[in-house]
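Here's the structure we're looking at; comments come further down.
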Amino acid sequence: MKKIYLLAAVVMGVMAASSAEATEKFRLCTGNTKLNYYAAGQYLKRNVPSVEVIESKGSLDNLDKVTAGECDGAFVQSDALLVYSSKNAKAISALQRSGVLYQEQANLICNRKAYTSSRMVDLNSNFTVAIGPEGSGANTTWAAFVAADKARYGKVRTSDLTGTLALSAVADGSEVQCALIITALNAPFLKNEAPKYASSVTLVSTDDRDMTKNAKDNRGNPVYTYGEIPSGTYKGIQPTGMFGGSKSVDTIQVDAVFVANRDWIAAHQGDFEKIVDGFANAKPDIEKLVQPK
C-alpha cells in the first residue's frame with residue numbers, strides 16, 4: 001500500500017512540475033547570434049523551454065516581426081519603440097512592455113585627426129557617421145536623435161557601414177569620420193576589436209543634454225538617461241587622462257526591453273505568466289552579460 005501511495009505522490013509531483021511550465025511555444029525575436037540579445041534569449045529559454053529563440057537583424061526588424069505575427073515577443077531598444085511609433089502608432093499599441101534587460105550605451109568612435117571635438121554635439125554637415133543598415137540598433141538610435149533634434153543631427157551625413165567595416169573606414173577617416181555603436185558596457189566588440197585601431201580612433205562623449213529633454217516615450221518619460229564609460233574600460237580608445245591612463249567618457253544610455261504581443265498574452269495568459277517568471281529568474285544571468293569581467 002505504501003508503494004502505491006508513493007507512486008501516486010511521484011505521479012502527482014510530475015504532473016505539478018509539468019503544469020508549472022509554459023507549454024505554448026513563444027517565438028522570441030532577439031538579434032545577431034554573436035550579440036547579447038540572442039544570448040539573453042538563451043538564458044530565458046533555459047528557464048522556459050517553450051521559448052523559441054529567433055535570430056534577427058535588430059530592434060526595428062524585431063518590431064516588424066512581432067506586429068506581423070512572425071514573433072510573439074522580442075528584445076528591443078526602448079528608443080526603437082519611439083521611432084517605430086512615429087511610423088506606425090497603431091501597431092505599437094499592440095505591444096506590451098514586460099521587463100528591462102539592462103541599459104545600453106551610445107558609443108561614438110571617431111577618427112582622431114578628422115574629428116577633433118570631444119563631444120558628439122559638434123557634428124555637422126562636414127562629417128559622415130556610420131550608423132549601420134536600416135533596422136540596426138545604431139541606425140534606430142540615430143533616427144531618434146534626428147527626430148529629437150533635426151536642426152543639429154538632420155544635416156549630418158550617414159553611412160550604412162557597420163562592425164569591423166565601419167571601424168576600418170573611421171580609422172582611414174577620408175570618407176567616414178565617426179561610427180555610432182550601441183552596446184552595453186564591456187561589449188566584446190569594443191573591448192576586443194576596436195582597440196586594434198587605437199592609433200587612429202578614439203571615443204567621443206555622446207551626452208547631449210537635449211536628448212533627455214526632447215526624446216520622450218508615449219507616456220511622456222525620457223527615453224535616454226546619462227551614463228559613463230569608466231576609465232580603463234576600453235584599452236587604447238578612451239581619451240588620455242591628465243596624469244596618464246585614460247579618462248571616463250560621458251554617454252547617453254537607453255533601456256533594452258522585453259516586449260510581447262498583447263493578443264498572444266490574452267490568448268495564453270497562464271503561459272505568459274510563466275514566461276515573465278522565467279524572465280525574472282533569468283535576469284541575474286542576463287545582467288552578467290554586461291557586467292565587468
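Residues in the C-alpha cells are named by chain (A, B, ... in the order shown) and by number from 1 within that chain; ligands are numbered from 1 in the order shown.
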Set the distance at 12 Å and use only C-alpha atoms: which residues neighbour A:Lys65 once local chain neighbours fewer than 3 positions away are removed? I'd like the list as a PyMOL selection string. chain A and resi 27-30+54-62+68-76+91-92+95+135+259-261
Nearby residues (only C-alpha atoms) at most 12 Å from A:Glu273, same-chain spacing under 3 positions excluded, as a PDB file with C-alpha atoms, in the first residue's frame:
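The file below, result.pdb, is the result:
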ATOM      1  CA  ALA A  20       4.302  24.793 -13.839  1.00  0.00           C
ATOM      2  CA  GLU A  21       5.947  25.003 -17.264  1.00  0.00           C
ATOM      3  CA  ALA A  22       4.648  27.108 -20.111  1.00  0.00           C
ATOM      4  CA  THR A  23       3.509  24.735 -22.861  1.00  0.00           C
ATOM      5  CA  GLU A  24       2.568  27.087 -25.718  1.00  0.00           C
ATOM      6  CA  VAL A  48      11.210  28.378 -20.068  1.00  0.00           C
ATOM      7  CA  SER A  98       7.226  43.254 -19.915  1.00  0.00           C
ATOM      8  CA  ALA A 260       5.284  40.971 -26.166  1.00  0.00           C
ATOM      9  CA  TRP A 264      -0.666  36.437 -27.635  1.00  0.00           C
ATOM     10  CA  ILE A 265      -0.766  37.395 -23.962  1.00  0.00           C
ATOM     11  CA  ALA A 266      -4.573  37.476 -23.975  1.00  0.00           C
ATOM     12  CA  ALA A 267      -4.789  34.062 -25.636  1.00  0.00           C
ATOM     13  CA  HIS A 268      -2.163  32.429 -23.393  1.00  0.00           C
ATOM     14  CA  GLN A 269      -2.269  34.356 -20.141  1.00  0.00           C
ATOM     15  CA  GLY A 270      -1.206  31.432 -17.943  1.00  0.00           C
ATOM     16  CA  VAL A 276       7.529  36.537 -17.169  1.00  0.00           C
ATOM     17  CA  ASP A 277       8.501  34.492 -14.117  1.00  0.00           C
ATOM     18  CA  GLY A 278      11.189  32.760 -16.188  1.00  0.00           C
ATOM     19  CA  PHE A 279      12.461  36.152 -17.333  1.00  0.00           C
ATOM     20  CA  ALA A 280      12.787  37.254 -13.700  1.00  0.00           C
TER      21      ALA A 280
END
Between atom CA of A:Thr233 and atom CA of A:Ile182, distance in Å (one decimal): 15.5 Å
Just want the 12 Å neighbourhood of A:Lys213, counted on only C-alpha atoms, with same-chain residues fewer than 4 positions away dropped. Output as a list in words.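 Skipping anything fewer than 4 positions along the chain leaves Phe145, Ala148, Asp149, Asp207, Asp208, Arg209, Asp217, Gly220, Asn221, Pro222, Val223, Tyr224, Thr225 and Tyr226 of chain A.
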Can you write just those residues out, N, CA and C atoms, as a PDB file, in the first residue's frame?
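Resulting contents of again_19.pdb:
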ATOM      1  N   PHE A 145      17.722  60.398 -32.632  1.00  0.00           N
ATOM      2  CA  PHE A 145      18.465  61.651 -32.471  1.00  0.00           C
ATOM      3  C   PHE A 145      17.926  62.714 -33.429  1.00  0.00           C
ATOM      4  N   ALA A 148      14.554  63.983 -32.447  1.00  0.00           N
ATOM      5  CA  ALA A 148      14.589  64.849 -31.263  1.00  0.00           C
ATOM      6  C   ALA A 148      15.253  66.188 -31.544  1.00  0.00           C
ATOM      7  N   ASP A 149      16.217  66.234 -32.478  1.00  0.00           N
ATOM      8  CA  ASP A 149      16.943  67.481 -32.762  1.00  0.00           C
ATOM      9  C   ASP A 149      17.356  67.489 -34.234  1.00  0.00           C
ATOM     10  N   ASP A 207      26.900  62.613 -24.513  1.00  0.00           N
ATOM     11  CA  ASP A 207      25.925  63.086 -23.514  1.00  0.00           C
ATOM     12  C   ASP A 207      25.265  64.402 -23.932  1.00  0.00           C
ATOM     13  N   ASP A 208      24.529  64.359 -25.039  1.00  0.00           N
ATOM     14  CA  ASP A 208      23.773  65.528 -25.499  1.00  0.00           C
ATOM     15  C   ASP A 208      22.613  65.762 -24.531  1.00  0.00           C
ATOM     16  N   ARG A 209      22.657  66.850 -23.817  1.00  0.00           N
ATOM     17  CA  ARG A 209      21.660  67.127 -22.773  1.00  0.00           C
ATOM     18  C   ARG A 209      20.250  67.297 -23.341  1.00  0.00           C
ATOM     19  N   ASP A 217       8.897  58.902 -24.478  1.00  0.00           N
ATOM     20  CA  ASP A 217       8.058  57.796 -24.943  1.00  0.00           C
ATOM     21  C   ASP A 217       6.589  58.206 -24.894  1.00  0.00           C
ATOM     22  N   GLY A 220       5.350  59.949 -21.902  1.00  0.00           N
ATOM     23  CA  GLY A 220       5.978  61.208 -21.544  1.00  0.00           C
ATOM     24  C   GLY A 220       7.262  61.066 -20.749  1.00  0.00           C
ATOM     25  N   ASN A 221       7.772  59.832 -20.636  1.00  0.00           N
ATOM     26  CA  ASN A 221       9.010  59.605 -19.885  1.00  0.00           C
ATOM     27  C   ASN A 221      10.226  59.705 -20.803  1.00  0.00           C
ATOM     28  N   PRO A 222      11.350  60.202 -20.284  1.00  0.00           N
ATOM     29  CA  PRO A 222      12.563  60.298 -21.107  1.00  0.00           C
ATOM     30  C   PRO A 222      13.007  58.916 -21.607  1.00  0.00           C
ATOM     31  N   VAL A 223      13.391  58.855 -22.872  1.00  0.00           N
ATOM     32  CA  VAL A 223      13.876  57.605 -23.452  1.00  0.00           C
ATOM     33  C   VAL A 223      15.341  57.383 -23.061  1.00  0.00           C
ATOM     34  N   TYR A 224      16.082  58.488 -22.916  1.00  0.00           N
ATOM     35  CA  TYR A 224      17.509  58.387 -22.621  1.00  0.00           C
ATOM     36  C   TYR A 224      17.838  58.896 -21.221  1.00  0.00           C
ATOM     37  N   THR A 225      18.871  58.309 -20.643  1.00  0.00           N
ATOM     38  CA  THR A 225      19.424  58.783 -19.379  1.00  0.00           C
ATOM     39  C   THR A 225      20.931  58.963 -19.576  1.00  0.00           C
ATOM     40  N   TYR A 226      21.597  59.497 -18.570  1.00  0.00           N
ATOM     41  CA  TYR A 226      23.034  59.716 -18.669  1.00  0.00           C
ATOM     42  C   TYR A 226      23.804  58.538 -18.098  1.00  0.00           C
TER      43      TYR A 226
END
Which value, in Å to one decimal, gives the distance between atom CA of A:Ala114 and atom CA of A:Tyr197? 14.5 Å
In Å to one decimal, how far is atom CA of A:Ala130 from atom CA of A:Val66? 27.2 Å
Apply DSSP to the backbone of this structure and, from stretch 13-248 of chain A, keep only the residues in helix (DSSP H, G or I); write these as an NGL selection string. :A and (13-19 or 36-47 or 59-67 or 78-87 or 89-92 or 120-122 or 137-148 or 150-153 or 163-172 or 188-197 or 209-214)
Go through A:Val201, A:Ala144, A:Ile286, A:Leu35 one by one, measure the shortest atom-to-atom distance of each to A:Val257 using only C-alpha atoms, and give the residue with the smallest value. A:Ile286
Nearest residue to A:Lys247 from the set A:Thr158, A:Ser118, A:Asn214, A:Ser199 (distances using only C-alpha atoms):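 When distances to A:Lys247 are compared using only C-alpha atoms, the smallest one comes from A:Ser118.
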DSSP says strand (DSSP E or B) for which residues of stretch 84-180 of chain A? Put them as a ChimeraX atom specification? /A:95-111,119,128-130,157-159,178-180
When you count only C-alpha atoms, which of these residues is closest to A:Arg97: A:Pro284, A:Leu81, A:Lys45, A:Ala198?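 For A:Arg97, the nearest of the given residues is A:Leu81.
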For A:Lys155, which of A:Ile275, A:Leu190, A:Val129, A:Leu185 is the closest residue, counting only C-alpha atoms?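 Of A:Ile275, A:Leu190, A:Val129, A:Leu185, the one nearest A:Lys155 is A:Val129, counting only C-alpha atoms.
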Need to verify the contact set: A:Gly163, 9 Å, only C-alpha atoms, exclusion of same-chain residues closer than 6 positions in sequence. Can you return it as a ChimeraX atom specification? /A:132,181,189
Residue nearest A:Asn192 among A:Gly245, A:Gly236, A:Gly31, A:Gly41 (counting only C-alpha atoms):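 Among the listed residues, A:Gly236 lies closest to A:Asn192.
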Nearest to A:Val146 among A:Val204, A:Ala215, A:Leu165, A:Cys110, with distances taken over only C-alpha atoms: which residue is it? A:Ala215
